[in-house]
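As stored in protein.tsv (TSV, C-alpha atoms and all ligand atoms):
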chain	number	residue	atom	x	y	z
A	1	MET	CA	17.10	1.55	-4.40
A	2	ARG	CA	17.10	3.94	-1.49
A	3	LEU	CA	20.74	4.21	-0.59
A	4	ILE	CA	20.61	5.99	2.74
A	5	GLU	CA	18.00	3.70	4.22
A	6	ALA	CA	19.70	0.61	2.79
A	7	THR	CA	22.99	1.75	4.31
A	8	ILE	CA	21.47	2.41	7.70
A	9	LEU	CA	19.89	-1.02	7.65
A	10	LYS	CA	23.27	-2.58	6.94
A	11	ILE	CA	24.96	-0.63	9.71
A	12	ILE	CA	22.41	-1.63	12.34
A	13	LYS	CA	23.53	-4.96	13.71
A	14	SER	CA	20.87	-6.04	16.20
A	15	LYS	CA	17.59	-7.57	15.11
A	16	ALA	CA	15.62	-5.31	17.46
A	17	GLY	CA	17.38	-2.27	16.01
A	18	LYS	CA	16.60	-3.37	12.48
A	19	GLU	CA	12.95	-3.94	13.38
A	20	LYS	CA	12.69	-0.52	14.93
A	21	PHE	CA	14.28	1.06	11.93
A	22	ILE	CA	11.94	-0.77	9.54
A	23	VAL	CA	8.92	0.40	11.54
A	24	TYR	CA	10.28	3.92	11.43
A	25	TYR	CA	10.88	3.61	7.71
A	26	LEU	CA	7.38	2.25	7.07
A	27	ARG	CA	5.85	4.98	9.18
A	28	SER	CA	7.75	7.73	7.39
A	29	ASN	CA	6.72	6.32	4.02
A	30	TRP	CA	3.25	5.14	4.99
A	31	PHE	CA	1.59	7.80	2.86
A	32	ASP	CA	3.47	6.61	-0.26
A	33	ILE	CA	2.95	2.95	0.54
A	34	CYS	CA	-0.78	2.92	1.11
A	35	GLY	CA	-2.13	6.28	0.01
A	36	ALA	CA	-3.56	9.31	1.79
A	37	ASN	CA	-6.80	7.75	2.96
A	38	ILE	CA	-5.35	4.73	4.70
A	39	ALA	CA	-2.39	6.73	6.02
A	40	LYS	CA	-4.80	9.13	7.69
A	41	HIS	CA	-6.41	6.35	9.70
A	42	SER	CA	-3.56	3.98	10.43
A	43	LYS	CA	0.05	3.76	11.47
A	44	PRO	CA	2.55	0.90	11.76
A	45	THR	CA	3.72	0.64	15.37
A	46	ARG	CA	5.98	-2.35	15.87
A	47	ILE	CA	7.25	-5.66	14.56
A	48	ASP	CA	7.13	-8.67	16.82
A	49	ARG	CA	8.08	-12.19	15.72
A	50	GLY	CA	7.54	-11.38	12.06
A	51	ILE	CA	4.19	-9.71	12.67
A	52	LEU	CA	3.74	-6.09	11.77
A	53	PHE	CA	1.33	-4.33	14.13
A	54	VAL	CA	-0.70	-1.55	12.57
A	55	ASN	CA	-2.64	0.80	14.75
A	56	THR	CA	-5.88	2.27	13.38
A	57	ASP	CA	-8.19	4.96	14.69
A	58	SER	CA	-11.35	2.85	14.68
A	59	SER	CA	-12.49	-0.76	14.59
A	60	ALA	CA	-14.08	-0.01	11.21
A	61	TRP	CA	-10.66	0.84	9.83
A	62	SER	CA	-9.09	-2.24	11.38
A	63	HIS	CA	-11.74	-4.26	9.60
A	64	ASN	CA	-11.22	-2.42	6.30
A	65	LEU	CA	-7.51	-3.01	6.41
A	66	LEU	CA	-7.95	-6.64	7.34
A	67	MET	CA	-9.95	-7.08	4.16
A	68	MET	CA	-7.11	-5.47	2.21
A	69	LYS	CA	-4.33	-7.30	3.98
A	70	ALA	CA	-2.91	-9.19	1.00
A	71	GLN	CA	-2.82	-6.05	-1.10
A	72	LEU	CA	-1.22	-4.04	1.67
A	73	MET	CA	1.35	-6.77	2.30
A	74	GLY	CA	2.38	-6.62	-1.36
A	75	LYS	CA	2.89	-2.88	-1.17
A	76	ILE	CA	4.88	-3.12	2.05
A	77	LYS	CA	7.12	-5.81	0.57
A	78	ASN	CA	7.73	-3.71	-2.52
A	79	SER	CA	8.73	-0.76	-0.39
A	80	LEU	CA	10.97	-2.85	1.85
A	81	GLY	CA	12.57	-4.34	-1.26
A	82	GLU	CA	13.75	-0.84	-2.09
A	83	ILE	CA	15.86	-0.71	1.03
A	84	GLY	CA	17.10	-4.27	0.55
A	85	SER	CA	15.51	-5.56	3.73
A	86	LEU	CA	14.04	-8.70	2.22
A	87	LYS	CA	17.31	-10.27	1.33
A	88	GLY	CA	19.05	-12.94	3.35
A	89	GLN	CA	19.13	-12.62	7.09
A	90	ASP	CA	17.19	-9.39	7.37
A	91	ILE	CA	13.81	-8.95	8.99
A	92	SER	CA	10.85	-10.45	7.19
A	93	ILE	CA	7.22	-9.60	7.75
A	94	LYS	CA	5.02	-12.66	7.65
A	95	ASP	CA	1.74	-11.23	8.80
A	96	ILE	CA	0.01	-7.99	9.68
A	97	MET	CA	-2.26	-7.42	12.66
A	98	PHE	CA	-4.56	-4.45	12.97
A	99	PHE	CA	-5.82	-3.05	16.21
A	100	ASN	CA	-7.52	0.18	17.03
A	101	GLY	CA	-6.18	2.65	19.51
A	102	LEU	CA	-4.97	6.17	19.67
A	103	ILE	CA	-2.89	7.42	16.76
A	104	THR	CA	-0.71	9.86	18.57
A	105	LYS	CA	2.13	10.94	16.41
A	106	ASN	CA	2.06	11.21	12.67
A	107	ILE	CA	5.46	11.62	11.16
A	108	SER	CA	5.04	13.78	8.11
A	109	THR	CA	7.22	13.16	5.09
A	110	GLU	CA	8.66	16.67	5.46
A	111	GLU	CA	9.97	15.91	8.92
A	112	SER	CA	11.58	12.64	7.93
A	113	LYS	CA	13.29	14.19	4.93
A	114	GLU	CA	14.84	16.71	7.21
A	115	GLU	CA	15.97	14.02	9.59
A	116	THR	CA	17.79	12.02	6.94
A	117	LYS	CA	19.84	14.99	5.71
A	118	LEU	CA	23.44	13.88	6.14
A	119	VAL	CA	26.24	16.09	7.32
A	120	PHE	CA	29.70	14.93	6.24
A	121	LYS	CA	32.44	15.73	8.70
A	122	PRO	CA	36.20	15.37	8.12
A	123	LEU	CA	37.77	12.17	9.43
A	124	THR	CA	40.01	12.25	12.46
A	125	GLU	CA	43.70	11.47	12.10
A	126	GLU	CA	43.12	8.15	13.77
A	127	GLU	CA	40.44	7.21	11.26
A	128	GLN	CA	42.58	8.29	8.33
A	129	LYS	CA	45.47	6.25	9.62
A	130	GLU	CA	43.25	3.21	9.99
A	131	ILE	CA	42.19	3.51	6.36
A	132	TYR	CA	45.74	4.10	5.20
A	133	ASN	CA	46.80	0.88	6.90
A	134	LYS	CA	44.05	-1.01	5.16
A	135	THR	CA	45.48	-0.17	1.75
A	136	ALA	CA	49.08	-0.97	2.72
A	137	LYS	CA	49.21	-4.03	0.48
A	138	LEU	CA	48.54	-2.02	-2.66
A	139	THR	CA	51.87	-1.22	-4.28
A	140	ASN	CA	50.64	0.91	-7.17
A	141	PRO	CA	50.37	4.41	-5.63
A	142	GLU	CA	47.58	5.52	-7.99
A	143	ILE	CA	45.43	2.53	-7.17
A	144	ARG	CA	46.18	2.95	-3.51
A	145	ALA	CA	45.15	6.61	-3.63
A	146	ALA	CA	41.94	5.69	-5.41
A	147	PHE	CA	41.10	3.04	-2.80
A	148	ASP	CA	41.98	5.44	-0.06
A	149	ARG	CA	39.50	7.94	-1.47
A	150	ILE	CA	36.73	5.35	-1.72
A	151	LEU	CA	37.30	4.16	1.83
A	152	ASN	CA	37.45	7.72	3.09
A	153	ASP	CA	34.13	8.60	1.48
A	154	ASP	CA	32.57	5.42	2.78
A	155	LYS	CA	33.74	6.13	6.31
A	156	LYS	CA	32.49	9.71	6.14
A	157	ARG	CA	29.09	8.54	5.00
A	158	LYS	CA	28.84	5.93	7.75
A	159	LYS	CA	29.79	8.53	10.32
A	160	ALA	CA	27.19	10.94	8.98
A	161	VAL	CA	24.51	8.26	9.05
A	162	LEU	CA	25.35	7.40	12.63
A	163	ASP	CA	25.24	11.08	13.55
A	164	VAL	CA	21.71	11.25	12.27
A	165	TRP	CA	20.51	8.02	13.82
A	166	ASN	CA	22.54	7.40	16.86
A	167	ARG	CA	21.14	8.44	20.15
A	168	GLN	CA	21.91	7.31	23.61
A	169	CYS	CA	19.54	5.49	25.86
A	170	LYS	CA	18.31	7.99	28.45
A	171	LYS	CA	18.73	5.42	31.18
A	172	CYS	CA	21.81	3.31	30.53
A	173	GLY	CA	23.57	5.37	27.86
A	174	VAL	CA	24.06	2.69	25.20
A	175	PRO	CA	23.81	4.00	21.63
A	176	ILE	CA	20.43	3.43	20.05
A	177	ILE	CA	19.17	3.96	16.56
A	178	GLY	CA	15.96	5.65	15.52
A	179	GLU	CA	13.49	7.96	17.19
A	180	TYR	CA	13.56	6.23	20.56
A	181	TYR	CA	14.61	7.40	23.99
A	182	TYR	CA	15.43	4.05	25.56
A	183	CYS	CA	17.30	0.99	24.39
A	184	PRO	CA	15.15	-2.13	23.90
A	185	ALA	CA	16.19	-3.56	27.27
A	186	CYS	CA	15.44	-0.38	29.23
A	187	GLU	CA	12.25	0.14	27.26
A	188	ARG	CA	11.07	-3.33	28.26
A	189	GLU	CA	11.97	-2.69	31.88
A	190	ARG	CA	10.18	0.65	31.81
A	191	LYS	CA	7.10	-0.88	30.21
A	192	ASP	CA	7.04	-3.73	32.75
A	193	ALA	CA	7.22	-1.26	35.62
A	194	LEU	CA	4.49	0.91	34.09
A	195	TRP	CA	2.38	-2.17	33.47
A	196	ALA	CA	2.67	-3.33	37.08
A	197	LYS	CA	1.86	0.09	38.45
A	198	ALA	CA	-1.10	0.72	36.14
A	199	ALA	CA	-2.44	-2.80	36.74
A	200	GLU	CA	-2.31	-2.23	40.47
A	201	ILE	CA	-4.30	0.98	40.10
A	202	ILE	CA	-6.93	-0.54	37.82
A	203	ASN	CA	-7.27	-3.56	40.12
A	204	SER	CA	-7.89	-1.33	43.11
A	205	ALA	CA	-10.12	1.16	41.27
A	206	PRO	CA	-11.51	-0.65	38.24
A	207	TRP	CA	-13.84	2.19	37.26
A	208	LEU	CA	-11.04	4.62	36.45
A	209	SER	CA	-10.81	5.94	32.89
A	210	HIS	CA	-7.48	6.47	31.15
A	211	GLU	CA	-7.59	10.20	31.88
A	212	GLU	CA	-8.20	9.59	35.57
A	213	CYS	CA	-5.51	6.94	35.68
A	214	LEU	CA	-3.04	9.50	34.32
A	215	ASN	CA	-3.20	11.22	37.70
A	216	TYR	CA	-1.44	8.24	39.24
A	217	VAL	CA	0.74	6.78	36.52
A	218	ASN	CA	2.03	8.10	33.22
A	219	CYS	CA	0.87	5.34	30.91
A	220	ASP	CA	-0.30	6.00	27.38
A	221	LYS	CA	-3.75	5.11	26.19
A	222	MET	CA	-2.63	2.08	24.20
A	223	LEU	CA	-0.86	0.51	27.14
A	224	PHE	CA	-3.81	1.35	29.38
A	225	SER	CA	-6.22	-0.41	27.00
A	226	GLU	CA	-3.91	-3.40	26.78
A	227	ILE	CA	-3.72	-3.72	30.57
A	228	LYS	CA	-7.45	-3.21	30.99
A	229	ALA	CA	-8.21	-5.86	28.37
A	230	ASN	CA	-5.94	-8.23	30.23
A	231	ILE	CA	-7.64	-7.56	33.56
A	232	LYS	CA	-11.08	-7.88	31.94
A	233	ASN	CA	-10.19	-11.27	30.52
A	234	LYS	CA	-9.23	-12.54	33.94
A	235	ALA	CA	-12.38	-11.07	35.50
A	236	TYR	CA	-14.56	-12.69	32.81
A	237	GLN	CA	-12.98	-16.05	33.47
A	238	LYS	CA	-13.83	-15.72	37.12
A	239	ILE	CA	-17.49	-14.85	36.67
A	240	ALA	CA	-17.89	-17.56	34.06
A	241	GLN	CA	-17.76	-19.99	36.99
A	242	GLU	CA	-21.06	-20.46	38.81
A	243	GLU	CA	-19.25	-20.48	42.16
A	244	CYS	CA	-17.64	-17.04	41.74
A	245	THR	CA	-17.73	-14.71	44.72
A	246	ALA	CA	-19.79	-11.55	45.22
A	247	GLU	CA	-16.53	-9.56	45.07
A	248	ASP	CA	-15.82	-10.97	41.61
A	249	LYS	CA	-19.26	-9.80	40.45
A	250	VAL	CA	-18.82	-6.33	41.91
A	251	PHE	CA	-15.36	-6.00	40.43
A	252	VAL	CA	-16.42	-7.01	36.93
A	253	THR	CA	-19.40	-4.62	37.04
A	254	LEU	CA	-17.28	-1.66	38.08
A	255	LEU	CA	-14.70	-2.56	35.45
A	256	GLU	CA	-17.22	-3.11	32.70
A	257	LEU	CA	-19.45	-0.09	33.35
A	258	GLY	CA	-16.78	2.32	34.54
A	259	ILE	CA	-19.02	3.58	37.35
A	260	VAL	CA	-18.01	4.54	40.87
A	261	PRO	CA	-18.98	2.11	43.66
A	262	GLU	CA	-21.60	4.56	45.06
A	263	LYS	CA	-23.68	4.08	41.90
A	264	LEU	CA	-23.79	0.29	42.14
A	265	THR	CA	-27.11	-1.47	42.66
A	266	ASP	CA	-27.97	-5.16	42.97
A	267	GLU	CA	-29.84	-4.96	39.67
A	268	LEU	CA	-26.88	-3.45	37.85
A	269	ILE	CA	-24.61	-6.18	39.11
A	270	GLU	CA	-26.96	-9.02	38.17
A	271	GLU	CA	-27.69	-7.49	34.76
A	272	THR	CA	-24.03	-6.99	33.93
A	273	VAL	CA	-22.94	-10.42	35.09
A	274	GLU	CA	-25.80	-12.04	33.16
A	275	ARG	CA	-24.93	-10.15	29.99
A	276	LEU	CA	-21.22	-10.93	30.26
A	277	ARG	CA	-21.91	-14.59	30.92
A	278	ARG	CA	-24.09	-14.76	27.81
A	279	ASN	CA	-21.28	-13.18	25.75
A	280	ILE	CA	-18.69	-15.51	27.21
A	281	TYR	CA	-20.90	-18.48	26.45
A	282	VAL	CA	-21.56	-17.34	22.85
A	283	SER	CA	-17.92	-16.60	22.09
A	284	SER	CA	-16.67	-19.83	23.64
A	285	SER	CA	-19.19	-21.94	21.74
A	286	ARG	CA	-18.20	-20.06	18.59
A	287	SER	CA	-14.56	-20.89	19.10
A	288	ARG	CA	-15.51	-24.46	19.88
A	289	LEU	CA	-17.28	-24.57	16.48
A	290	ARG	CA	-14.26	-23.02	14.85
A	291	ASN	CA	-11.98	-25.62	16.40
A	292	LYS	CA	-14.16	-28.40	15.04
A	293	GLU	CA	-13.87	-27.12	11.47
A	301	ZN	ZN	19.21	1.44	28.11
Could you rewrite the structure in this file as structure tokens?
Amino acid sequence: MRLIEATILKIIKSKAGKEKFIVYYLRSNWFDICGANIAKHSKPTRIDRGILFVNTDSSAWSHNLLMMKAQLMGKIKNSLGEIGSLKGQDISIKDIMFFNGLITKNISTEESKEETKLVFKPLTEEEQKEIYNKTAKLTNPEIRAAFDRILNDDKKRKKAVLDVWNRQCKKCGVPIIGEYYYCPACERERKDALWAKAAEIINSAPWLSHEECLNYVNCDKMLFSEIKANIKNKAYQKIAQEECTAEDKVFVTLLELGIVPEKLTDELIEETVERLRRNIYVSSSRSRLRNKE
């Protein structure tokens, strides 16, 4: 049993906070959970509706891990069992999804050990009084003193844990837990705003790469890929229709090839649209087959 982690998990009340902490915990212990090789190429990033999202550095690794999913799930559950997160109302992980993208920050085990070092500070008079009142019903002074001591130690430990984990949201100031700068609500708001801004830029200049897009909006590569995939999907749907406009064709070509408008030719546009339509047709008939099964 890992006491510190189990305690933190108990102290965190919100589901989102617990999820964030579990992701942080998995990330810090990823090396121990799945070994050096896998840890080098992957990283857990978030939990959403019981699904753990694991980021990998290539599609080959996403595929590898998909093949090992059951095994990996077992190891994750074992590790989470050690911090008591599988009991009762706590977060459960029902599935794992792998996707490839940039692995930006690797938290080394050294770093996380340092972060969980607890500093015990003396209790304030107020806090001591509160504890003293709690034991008022105990008439035997020795027992009362013993309880007092236990409660004091417990309070000190909780305070120390909160010192380590508690931060304030940079925007609204509410306390947050874990290595985050914004509370879940502000983070969502921030992401929505970034999304809208980046989407606007990609829609008006679909050939831009992530690096070029960074000149206009500070969105990380993962978010950029997510937005671009979303825009591509919509563009594909449009050109799948015979009656799509010339603008739709130009847009999808610029988006798909990442070339500036000056380099466009009629041939390029026709070729690209043809190829994409073939792909759309193949994948939709595949899913139709799958649905029949
Ligand atoms: Zn906030």
(request) Find, counting only C-alpha atoms, the residue in A:Ala246, A:Phe53, A:Asp148, A:Met222 that gets nearest to Glu130 of chain A. (result)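 Comparing A:Ala246, A:Phe53, A:Asp148, A:Met222 against Glu130 of chain A, the winner is A:Asp148.
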Residues of chain A within 8 Å of ligand ZN 301 (chain A): nearest atom pair and distance (Å, one decimal) for each, counting all atoms listed in the file, sorted by chain and number, as CSV?
residue,atom,partner,partner_atom,distance
A:Gln168,CA,A:ZN301,ZN,7.9
A:Cys169,CA,A:ZN301,ZN,4.6
A:Lys170,CA,A:ZN301,ZN,6.6
A:Lys171,CA,A:ZN301,ZN,5.0
A:Cys172,CA,A:ZN301,ZN,4.0
A:Gly173,CA,A:ZN301,ZN,5.9
A:Val174,CA,A:ZN301,ZN,5.8
A:Tyr182,CA,A:ZN301,ZN,5.3
A:Cys183,CA,A:ZN301,ZN,4.2
A:Pro184,CA,A:ZN301,ZN,6.9
A:Ala185,CA,A:ZN301,ZN,5.9
A:Cys186,CA,A:ZN301,ZN,4.3
A:Glu187,CA,A:ZN301,ZN,7.1
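Distances from A:Arg27, A:Lys75, A:Arg144, A:Leu162 to Ile12 of chain A were compared using all atoms listed in the file, and the smallest one belongs to A:Leu162.
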(message) Using only C-alpha atoms and a cutoff of 10 Å, can you tell me which residues are near (-5.0, 7.8, 8.4) in the file's coordinates, and write them out as a PyMOL selection string?
(response) chain A and resi 30-31+34-43+55-57+61+103+106
(request) For segment 251-258 of chain A, please output as a ChimeraX atom specification all residues within 8 Å (counting only C-alpha atoms; exclusion window: fewer than 4 positions along the same chain). (result) /A:206-209,232,235-236,239,247,264,268-269,272-273
(message) Report as a ChimeraX atom specification all protein, DNA and RNA residues lying within 10 Å of Glu19 of chain A, evaluated on all atoms listed in the file, omitting residues in the same chain fewer than 6 positions from it.
(response) /A:9,12,25,46-50,52,90-93
(request) Take atom CA of Glu262 of chain A and atom CA of Lys197 of chain A and report the distance between them in Å, one decimal. (result)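 Computing the Euclidean distance for atom CA of Glu262 of chain A and atom CA of Lys197 of chain A yields 24.8 Å.
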Could you add N, CA and C atoms to segment 140-152 of chain A and give me the result as a compact mmCIF listing (two decimals), in the coordinates of the input?
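Below is the file selection.txt, written as the result:
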# COMPACT_ATOMS: atom_id res chain seq x y z
N ASN A 140 50.81 -0.18 -6.18
CA ASN A 140 50.64 0.91 -7.17
C ASN A 140 50.05 2.14 -6.47
N PRO A 141 50.82 3.25 -6.41
CA PRO A 141 50.37 4.41 -5.63
C PRO A 141 49.05 5.00 -6.14
N GLU A 142 48.83 4.94 -7.47
CA GLU A 142 47.58 5.52 -7.99
C GLU A 142 46.37 4.71 -7.53
N ILE A 143 46.54 3.39 -7.61
CA ILE A 143 45.43 2.53 -7.17
C ILE A 143 45.20 2.70 -5.67
N ARG A 144 46.31 2.79 -4.95
CA ARG A 144 46.18 2.95 -3.51
C ARG A 144 45.45 4.26 -3.17
N ALA A 145 45.80 5.31 -3.88
CA ALA A 145 45.15 6.61 -3.63
C ALA A 145 43.66 6.52 -3.94
N ALA A 146 43.34 5.81 -5.03
CA ALA A 146 41.94 5.69 -5.41
C ALA A 146 41.16 4.93 -4.34
N PHE A 147 41.75 3.82 -3.85
CA PHE A 147 41.10 3.04 -2.80
C PHE A 147 40.95 3.85 -1.53
N ASP A 148 41.99 4.57 -1.23
CA ASP A 148 41.98 5.44 -0.06
C ASP A 148 40.78 6.39 -0.10
N ARG A 149 40.60 6.99 -1.28
CA ARG A 149 39.50 7.94 -1.47
C ARG A 149 38.15 7.26 -1.24
N ILE A 150 38.00 6.08 -1.85
CA ILE A 150 36.73 5.35 -1.72
C ILE A 150 36.45 5.03 -0.25
N LEU A 151 37.47 4.53 0.42
CA LEU A 151 37.30 4.16 1.83
C LEU A 151 37.02 5.37 2.70
N ASN A 152 37.69 6.47 2.35
CA ASN A 152 37.45 7.72 3.09
C ASN A 152 36.01 8.18 2.97
